[in-house]
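Q: Here you go, target-v1.pdb (PDB, C-alpha atoms, pLDDT in the B column):
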```pdb
ATOM      1  CA  VAL G 207      16.043  -0.367  10.584  1.00 97.00           C
ATOM      2  CA  VAL G 208      13.436   1.077   8.214  1.00 98.00           C
ATOM      3  CA  GLU G 209      14.376   1.434   4.551  1.00 98.00           C
ATOM      4  CA  ASN G 210      12.292   3.129   1.839  1.00 98.00           C
ATOM      5  CA  VAL G 211      12.321   0.670  -1.089  1.00 98.00           C
ATOM      6  CA  SER G 212       9.329   2.073  -2.995  1.00 96.00           C
ATOM      7  CA  MET G 213      11.418   3.070  -6.033  1.00 96.00           C
ATOM      8  CA  PHE G 214      12.456  -0.504  -6.858  1.00 96.00           C
ATOM      9  CA  GLU G 215      10.086  -2.896  -5.008  1.00 96.00           C
ATOM     10  CA  SER G 216       6.327  -3.540  -5.098  1.00 93.00           C
ATOM     11  CA  PHE G 217       6.077  -2.452  -1.455  1.00 97.00           C
ATOM     12  CA  ASP G 218       7.181   0.718   0.319  1.00 98.00           C
ATOM     13  CA  LEU G 219       9.132   0.000   3.517  1.00 98.00           C
ATOM     14  CA  ARG G 220      11.504  -2.805   4.488  1.00 98.00           C
ATOM     15  CA  CYS G 221      11.740  -3.093   8.264  1.00 98.00           C
ATOM     16  CA  SER G 222      14.390  -5.241   9.902  1.00 98.00           C
ATOM     17  CA  ARG G 223      15.431  -6.053  13.440  1.00 97.00           C
ATOM     18  CA  PRO G 224      18.141  -8.539  14.467  1.00 97.00           C
ATOM     19  CA  GLY G 225      16.681 -11.969  15.186  1.00 97.00           C
ATOM     20  CA  GLN G 226      13.270 -11.085  13.697  1.00 96.00           C
ATOM     21  CA  PRO G 227      11.760 -11.810  10.274  1.00 97.00           C
ATOM     22  CA  GLU G 228      11.882  -8.902   7.829  1.00 97.00           C
ATOM     23  CA  LEU G 229       8.604  -6.953   7.633  1.00 98.00           C
ATOM     24  CA  HIS G 230       7.369  -5.451   4.339  1.00 98.00           C
ATOM     25  CA  VAL G 231       4.977  -2.515   4.684  1.00 98.00           C
ATOM     26  CA  GLU G 232       2.619  -1.192   2.004  1.00 97.00           C
ATOM     27  CA  VAL G 233       1.868   2.495   2.666  1.00 97.00           C
ATOM     28  CA  LYS G 234      -1.244   4.249   1.385  1.00 94.00           C
ATOM     29  CA  GLY G 235      -2.364   7.834   1.897  1.00 92.00           C
ATOM     30  CA  THR G 236      -5.795   9.282   1.221  1.00 90.00           C
ATOM     31  CA  ARG G 237      -7.733  12.463   1.828  1.00 90.00           C
ATOM     32  CA  SER G 238     -10.857  10.376   2.463  1.00 90.00           C
ATOM     33  CA  GLY G 239     -11.467   7.737   5.126  1.00 86.00           C
ATOM     34  CA  ALA G 240      -9.526   4.487   5.502  1.00 84.00           C
ATOM     35  CA  ALA G 241     -12.449   2.293   4.426  1.00 86.00           C
ATOM     36  CA  ARG G 242     -10.985   1.844   0.926  1.00 88.00           C
ATOM     37  CA  VAL G 243      -7.582   2.111  -0.703  1.00 92.00           C
ATOM     38  CA  PHE G 244      -6.381   1.238  -4.191  1.00 92.00           C
ATOM     39  CA  LEU G 245      -3.882  -1.593  -4.659  1.00 94.00           C
ATOM     40  CA  THR G 246      -1.997  -2.722  -7.722  1.00 92.00           C
ATOM     41  CA  ALA G 247      -1.957  -6.369  -8.773  1.00 91.00           C
ATOM     42  CA  ASN G 248       1.742  -6.476  -7.803  1.00 93.00           C
ATOM     43  CA  GLU G 249       1.002  -5.151  -4.300  1.00 95.00           C
ATOM     44  CA  VAL G 250      -1.671  -7.817  -3.759  1.00 95.00           C
ATOM     45  CA  GLU G 251       0.539 -10.611  -5.094  1.00 95.00           C
ATOM     46  CA  HIS G 252       3.480  -9.484  -2.951  1.00 97.00           C
ATOM     47  CA  ALA G 253       1.322  -9.375   0.197  1.00 97.00           C
ATOM     48  CA  ARG G 254       0.000 -12.878  -0.465  1.00 97.00           C
ATOM     49  CA  ILE G 255       3.445 -14.354  -1.090  1.00 97.00           C
ATOM     50  CA  HIS G 256       5.056 -12.753   1.977  1.00 98.00           C
ATOM     51  CA  TYR G 257       2.219 -13.208   4.499  1.00 98.00           C
ATOM     52  CA  PRO G 258       2.476 -13.031   7.534  1.00 98.00           C
ATOM     53  CA  ASN G 259       5.496 -10.738   7.240  1.00 98.00           C
ATOM     54  CA  VAL G 260       3.542  -7.913   5.600  1.00 98.00           C
ATOM     55  CA  ALA G 261       1.584  -4.953   6.926  1.00 98.00           C
ATOM     56  CA  LEU G 262      -0.753  -2.385   5.407  1.00 97.00           C
ATOM     57  CA  TYR G 263      -0.378   1.162   6.754  1.00 96.00           C
ATOM     58  CA  VAL G 264      -3.038   3.702   5.774  1.00 95.00           C
ATOM     59  CA  LEU G 265      -2.908   7.402   6.626  1.00 94.00           C
ATOM     60  CA  SER G 266      -6.410   8.709   5.936  1.00 93.00           C
ATOM     61  CA  GLU G 267      -8.109  12.087   6.190  1.00 93.00           C
ATOM     62  CA  VAL G 268      -4.857  13.801   5.219  1.00 91.00           C
ATOM     63  CA  HIS G 269      -5.116  17.583   4.884  1.00 91.00           C
ATOM     64  CA  ILE G 270      -3.358  18.910   1.779  1.00 87.00           C
ATOM     65  CA  GLU G 271      -2.493  22.566   1.152  1.00 86.00           C
ATOM     66  CA  TRP G 272      -2.123  23.281  -2.581  1.00 82.00           C
ATOM     67  CA  SER G 273      -0.236  25.998  -4.393  1.00 79.00           C
ATOM     68  CA  SER G 274      -0.921  26.920  -8.003  1.00 75.00           C
ATOM     69  CA  GLU G 275       1.750  24.445  -9.175  1.00 73.00           C
ATOM     70  CA  ASP G 276       2.447  21.729  -6.619  1.00 75.00           C
ATOM     71  CA  VAL G 277       1.429  20.351  -3.262  1.00 67.00           C
ATOM     72  CA  VAL G 278       2.742  22.685  -0.584  1.00 72.00           C
ATOM     73  CA  SER G 279       2.232  20.429   2.421  1.00 83.00           C
ATOM     74  CA  ALA G 280       0.373  17.436   3.778  1.00 81.00           C
ATOM     75  CA  SER G 281      -0.557  17.270   7.432  1.00 85.00           C
ATOM     76  CA  ASP G 282      -2.727  15.585  10.027  1.00 90.00           C
ATOM     77  CA  GLY G 283      -4.270  12.239   9.151  1.00 93.00           C
ATOM     78  CA  VAL G 284      -5.566   9.197  10.966  1.00 94.00           C
ATOM     79  CA  GLU G 285      -3.375   6.087  11.135  1.00 94.00           C
ATOM     80  CA  PHE G 286      -4.797   2.628  10.442  1.00 94.00           C
ATOM     81  CA  VAL G 287      -2.613  -0.503  10.444  1.00 96.00           C
ATOM     82  CA  ILE G 288      -3.343  -4.108   9.505  1.00 95.00           C
ATOM     83  CA  HIS G 289      -0.598  -6.467  10.697  1.00 97.00           C
ATOM     84  CA  PRO G 290      -0.240  -9.179   9.731  1.00 97.00           C
ATOM     85  CA  TRP G 291      -1.998  -8.251   6.496  1.00 96.00           C
ATOM     86  CA  ASN G 292      -3.775 -11.241   4.956  1.00 96.00           C
ATOM     87  CA  VAL G 293      -5.352 -10.136   1.656  1.00 95.00           C
ATOM     88  CA  ASN G 294      -8.949 -11.356   1.735  1.00 92.00           C
ATOM     89  CA  ASP G 295     -10.548 -11.983  -1.687  1.00 91.00           C
ATOM     90  CA  ALA G 296     -13.946 -10.918  -0.329  1.00 92.00           C
ATOM     91  CA  GLN G 297     -12.491  -7.450   0.341  1.00 93.00           C
ATOM     92  CA  LEU G 298     -11.012  -6.992  -3.156  1.00 93.00           C
ATOM     93  CA  ARG G 299     -13.092  -5.264  -5.850  1.00 91.00           C
ATOM     94  CA  PRO G 300     -11.991  -5.229  -9.511  1.00 87.00           C
ATOM     95  CA  ILE G 301     -11.979  -1.659 -10.802  1.00 88.00           C
ATOM     96  CA  THR G 302     -10.136  -2.040 -14.103  1.00 85.00           C
ATOM     97  CA  TYR G 303      -9.417  -4.703 -16.699  1.00 80.00           C
ATOM     98  CA  GLU G 304      -6.840  -5.148 -19.421  1.00 81.00           C
ATOM     99  CA  TYR G 305      -8.308  -6.275 -22.741  1.00 82.00           C
ATOM    100  CA  LEU G 306      -6.045  -7.968 -25.309  1.00 83.00           C
ATOM    101  CA  THR G 307      -7.234  -6.774 -28.730  1.00 86.00           C
ATOM    102  CA  GLN G 308      -4.956  -9.138 -30.658  1.00 84.00           C
ATOM    103  CA  GLY G 309      -6.018 -12.390 -28.942  1.00 67.00           C
ATOM    104  CA  ALA G 310      -4.448 -14.210 -26.058  1.00 62.00           C
TER     105      ALA G 310
END
```
Just give me the structure as structure tokens.
A:
Amino acid sequence: VVENVSMFESFDLRCSRPGQPELHVEVKGTRSGAARVFLTANEVEHARIHYPNVALYVLSEVHIEWSSEDVVSASDGVEFVIHPWNVNDAQLRPITYEYLTQGA
């Protein structure tokens, strides 16, 4: 059973099968290659806590057809899966910081 939980969880898909551990899948899509994706702090923390029952699914090189207002369609793409997904600190790059202007 695959359930989309992206609206209320810090991961996208909950996969279950009788007698097997639940698998949490983080899904990323990109028009570029699969060499880099952006993760939130919550996504990283969730993956670390739930390892080895987590997977990262990337659909890269997605072709998008645009209209003047919205995306019309997305097609094609190359699938890349890491399972189990063990977040490696050496592969994380900080790209933004929060600065507390009123002290800590």
Q: When you draw a straight line from CA of His230 in chain G to CA of Ala253 in chain G, how long is it in Å?
A: 8.3 Å
Q: Evaluate the PyMOL selection byres ((chain G and resi 244-251) around 10) against this structure - the residues, as a short mmCIF file (atom, residue, chain, number, x, y, z; two decimals) with C-alpha atoms, in the coordinates of the input, please.
A:
```
data_model
loop_
_atom_site.label_atom_id
_atom_site.label_comp_id
_atom_site.auth_asym_id
_atom_site.auth_seq_id
_atom_site.Cartn_x
_atom_site.Cartn_y
_atom_site.Cartn_z
CA GLU G 215 10.09 -2.90 -5.01
CA SER G 216 6.33 -3.54 -5.10
CA PHE G 217 6.08 -2.45 -1.46
CA ASP G 218 7.18 0.72 0.32
CA GLU G 232 2.62 -1.19 2.00
CA LYS G 234 -1.24 4.25 1.38
CA GLY G 235 -2.36 7.83 1.90
CA THR G 236 -5.80 9.28 1.22
CA ARG G 242 -10.98 1.84 0.93
CA VAL G 243 -7.58 2.11 -0.70
CA HIS G 252 3.48 -9.48 -2.95
CA ALA G 253 1.32 -9.38 0.20
CA ARG G 254 0.00 -12.88 -0.46
CA ILE G 255 3.44 -14.35 -1.09
CA HIS G 256 5.06 -12.75 1.98
CA ASN G 292 -3.78 -11.24 4.96
CA VAL G 293 -5.35 -10.14 1.66
CA ASN G 294 -8.95 -11.36 1.74
CA LEU G 298 -11.01 -6.99 -3.16
CA ARG G 299 -13.09 -5.26 -5.85
CA ILE G 301 -11.98 -1.66 -10.80
#
```
Q: Quick one, how far is CA of Phe286 in chain G from CA of Ala240 in chain G?
A: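 Spanning CA of Phe286 in chain G to CA of Ala240 in chain G is a straight-line distance of 7.1 Å.
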Q: Once you add 4 Å to each side, what are the centre and edge lengths of the axis-aligned box holding all listed atoms of range 285-300 of chain G? One decimal in Å, as AutoDock Vina command-line options, if you can.
A:
```
--center_x -7.1 --center_y -2.9 --center_z 0.8 --size_x 21.7 --size_y 26.1 --size_z 28.6
```
Q: What is the distance between CA of Asp295 in chain G and CA of Glu209 in chain G, in Å to one decimal?
A: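 A separation of 29.0 Å between them.
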Q: Take the point (1.3, -7.4, 7.4) in the file's coordinates, draw a sphere of radius 9 Å around it, and report as a PDB file with C-alpha atoms, keeping the file's coordinate frame every protein, DNA or RNA residue with an atom inside or on it, counting all atoms listed in the file.
A:
```
ATOM      1  CA  LEU G 229       8.604  -6.953   7.633  1.00 98.00           C
ATOM      2  CA  HIS G 230       7.369  -5.451   4.339  1.00 98.00           C
ATOM      3  CA  VAL G 231       4.977  -2.515   4.684  1.00 98.00           C
ATOM      4  CA  GLU G 232       2.619  -1.192   2.004  1.00 97.00           C
ATOM      5  CA  ALA G 253       1.322  -9.375   0.197  1.00 97.00           C
ATOM      6  CA  HIS G 256       5.056 -12.753   1.977  1.00 98.00           C
ATOM      7  CA  TYR G 257       2.219 -13.208   4.499  1.00 98.00           C
ATOM      8  CA  PRO G 258       2.476 -13.031   7.534  1.00 98.00           C
ATOM      9  CA  ASN G 259       5.496 -10.738   7.240  1.00 98.00           C
ATOM     10  CA  VAL G 260       3.542  -7.913   5.600  1.00 98.00           C
ATOM     11  CA  ALA G 261       1.584  -4.953   6.926  1.00 98.00           C
ATOM     12  CA  LEU G 262      -0.753  -2.385   5.407  1.00 97.00           C
ATOM     13  CA  TYR G 263      -0.378   1.162   6.754  1.00 96.00           C
ATOM     14  CA  VAL G 287      -2.613  -0.503  10.444  1.00 96.00           C
ATOM     15  CA  ILE G 288      -3.343  -4.108   9.505  1.00 95.00           C
ATOM     16  CA  HIS G 289      -0.598  -6.467  10.697  1.00 97.00           C
ATOM     17  CA  PRO G 290      -0.240  -9.179   9.731  1.00 97.00           C
ATOM     18  CA  TRP G 291      -1.998  -8.251   6.496  1.00 96.00           C
ATOM     19  CA  ASN G 292      -3.775 -11.241   4.956  1.00 96.00           C
TER      20      ASN G 292
END
```
Q: Taking all atoms listed in the file into account, which of G:Ser266, G:Glu271, G:Ala296, G:Thr302 comes nearest Val284 in chain G?
A: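 For Val284 in chain G, the nearest of the candidates is G:Ser266.
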Q: Determine the residue membership of the PyMOL selection byres ((chain G and resi 207) around 10) for the file above and supply it as a ChimeraX atom specification.
A: /G:208-209,219-224,228
Q: Could you turn the residues from that selection into a file that holds C-alpha atoms, as a compact mmCIF listing (two decimals), keeping the file's coordinate frame?
A:
```
# COMPACT_ATOMS: atom_id res chain seq x y z
CA VAL G 208 13.44 1.08 8.21
CA GLU G 209 14.38 1.43 4.55
CA LEU G 219 9.13 0.00 3.52
CA ARG G 220 11.50 -2.80 4.49
CA CYS G 221 11.74 -3.09 8.26
CA SER G 222 14.39 -5.24 9.90
CA ARG G 223 15.43 -6.05 13.44
CA PRO G 224 18.14 -8.54 14.47
CA GLU G 228 11.88 -8.90 7.83
```
Q: Please expand the PyMOL selection byres ((chain G and resi 280) around 10) into the concrete residues it hits in this file, giving the result as a list in words.
A: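 Output from the PyMOL selection byres ((chain G and resi 280) around 10), applied to this file: Arg237, Val268, His269, Ile270, Glu271, Trp272, Val277, Val278, Ser279, Ser281, Asp282 and Gly283 of chain G.
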Q: Tell me which of G:Leu306, G:Glu275, G:Glu267, G:Asn210 sits closest to Gly239 in chain G, counting only C-alpha atoms.
A: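 Of the candidates, the smallest distance to Gly239 in chain G is held by G:Glu267.
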Q: Complete the atom set of range 212-230 of chain G to N, CA and C atoms and return it as a JSON list (two decimals), in the frame of the given file.
A:
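This went into part19.json:
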```
[["chain", "number", "residue", "atom", "x", "y", "z"],
["G", 212, "SER", "N", 10.46, 1.88, -2.08],
["G", 212, "SER", "CA", 9.33, 2.07, -3.00],
["G", 212, "SER", "C", 9.76, 2.33, -4.44],
["G", 213, "MET", "N", 10.97, 2.78, -4.67],
["G", 213, "MET", "CA", 11.42, 3.07, -6.03],
["G", 213, "MET", "C", 11.76, 1.81, -6.83],
["G", 214, "PHE", "N", 12.03, 0.69, -6.13],
["G", 214, "PHE", "CA", 12.46, -0.50, -6.86],
["G", 214, "PHE", "C", 11.80, -1.79, -6.38],
["G", 215, "GLU", "N", 10.82, -1.72, -5.49],
["G", 215, "GLU", "CA", 10.09, -2.90, -5.01],
["G", 215, "GLU", "C", 8.59, -2.65, -5.16],
["G", 216, "SER", "N", 7.78, -3.70, -5.01],
["G", 216, "SER", "CA", 6.33, -3.54, -5.10],
["G", 216, "SER", "C", 5.71, -3.30, -3.72],
["G", 217, "PHE", "N", 6.53, -2.88, -2.77],
["G", 217, "PHE", "CA", 6.08, -2.45, -1.46],
["G", 217, "PHE", "C", 6.90, -1.23, -1.08],
["G", 218, "ASP", "N", 6.57, -0.58, 0.03],
["G", 218, "ASP", "CA", 7.18, 0.72, 0.32],
["G", 218, "ASP", "C", 8.31, 0.71, 1.34],
["G", 219, "LEU", "N", 8.14, -0.03, 2.44],
["G", 219, "LEU", "CA", 9.13, 0.00, 3.52],
["G", 219, "LEU", "C", 9.61, -1.40, 3.86],
["G", 220, "ARG", "N", 10.91, -1.55, 4.00],
["G", 220, "ARG", "CA", 11.50, -2.80, 4.49],
["G", 220, "ARG", "C", 11.97, -2.53, 5.91],
["G", 221, "CYS", "N", 11.42, -3.28, 6.85],
["G", 221, "CYS", "CA", 11.74, -3.09, 8.26],
["G", 221, "CYS", "C", 12.48, -4.33, 8.76],
["G", 222, "SER", "N", 13.61, -4.11, 9.40],
["G", 222, "SER", "CA", 14.39, -5.24, 9.90],
["G", 222, "SER", "C", 14.86, -4.97, 11.32],
["G", 223, "ARG", "N", 14.96, -6.08, 12.06],
["G", 223, "ARG", "CA", 15.43, -6.05, 13.44],
["G", 223, "ARG", "C", 16.19, -7.36, 13.66],
["G", 224, "PRO", "N", 17.37, -7.31, 14.27],
["G", 224, "PRO", "CA", 18.14, -8.54, 14.47],
["G", 224, "PRO", "C", 17.30, -9.62, 15.15],
["G", 225, "GLY", "N", 17.38, -10.83, 14.60],
["G", 225, "GLY", "CA", 16.68, -11.97, 15.19],
["G", 225, "GLY", "C", 15.20, -12.04, 14.87],
["G", 226, "GLN", "N", 14.69, -11.11, 14.05],
["G", 226, "GLN", "CA", 13.27, -11.08, 13.70],
["G", 226, "GLN", "C", 13.12, -11.20, 12.18],
["G", 227, "PRO", "N", 11.99, -11.78, 11.73],
["G", 227, "PRO", "CA", 11.76, -11.81, 10.27],
["G", 227, "PRO", "C", 11.60, -10.39, 9.73],
["G", 228, "GLU", "N", 12.04, -10.19, 8.50],
["G", 228, "GLU", "CA", 11.88, -8.90, 7.83],
["G", 228, "GLU", "C", 10.39, -8.62, 7.62],
["G", 229, "LEU", "N", 9.99, -7.37, 7.82],
["G", 229, "LEU", "CA", 8.60, -6.95, 7.63],
["G", 229, "LEU", "C", 8.54, -6.02, 6.44],
["G", 230, "HIS", "N", 7.60, -6.31, 5.50],
["G", 230, "HIS", "CA", 7.37, -5.45, 4.34],
["G", 230, "HIS", "C", 6.08, -4.69, 4.58]]
```
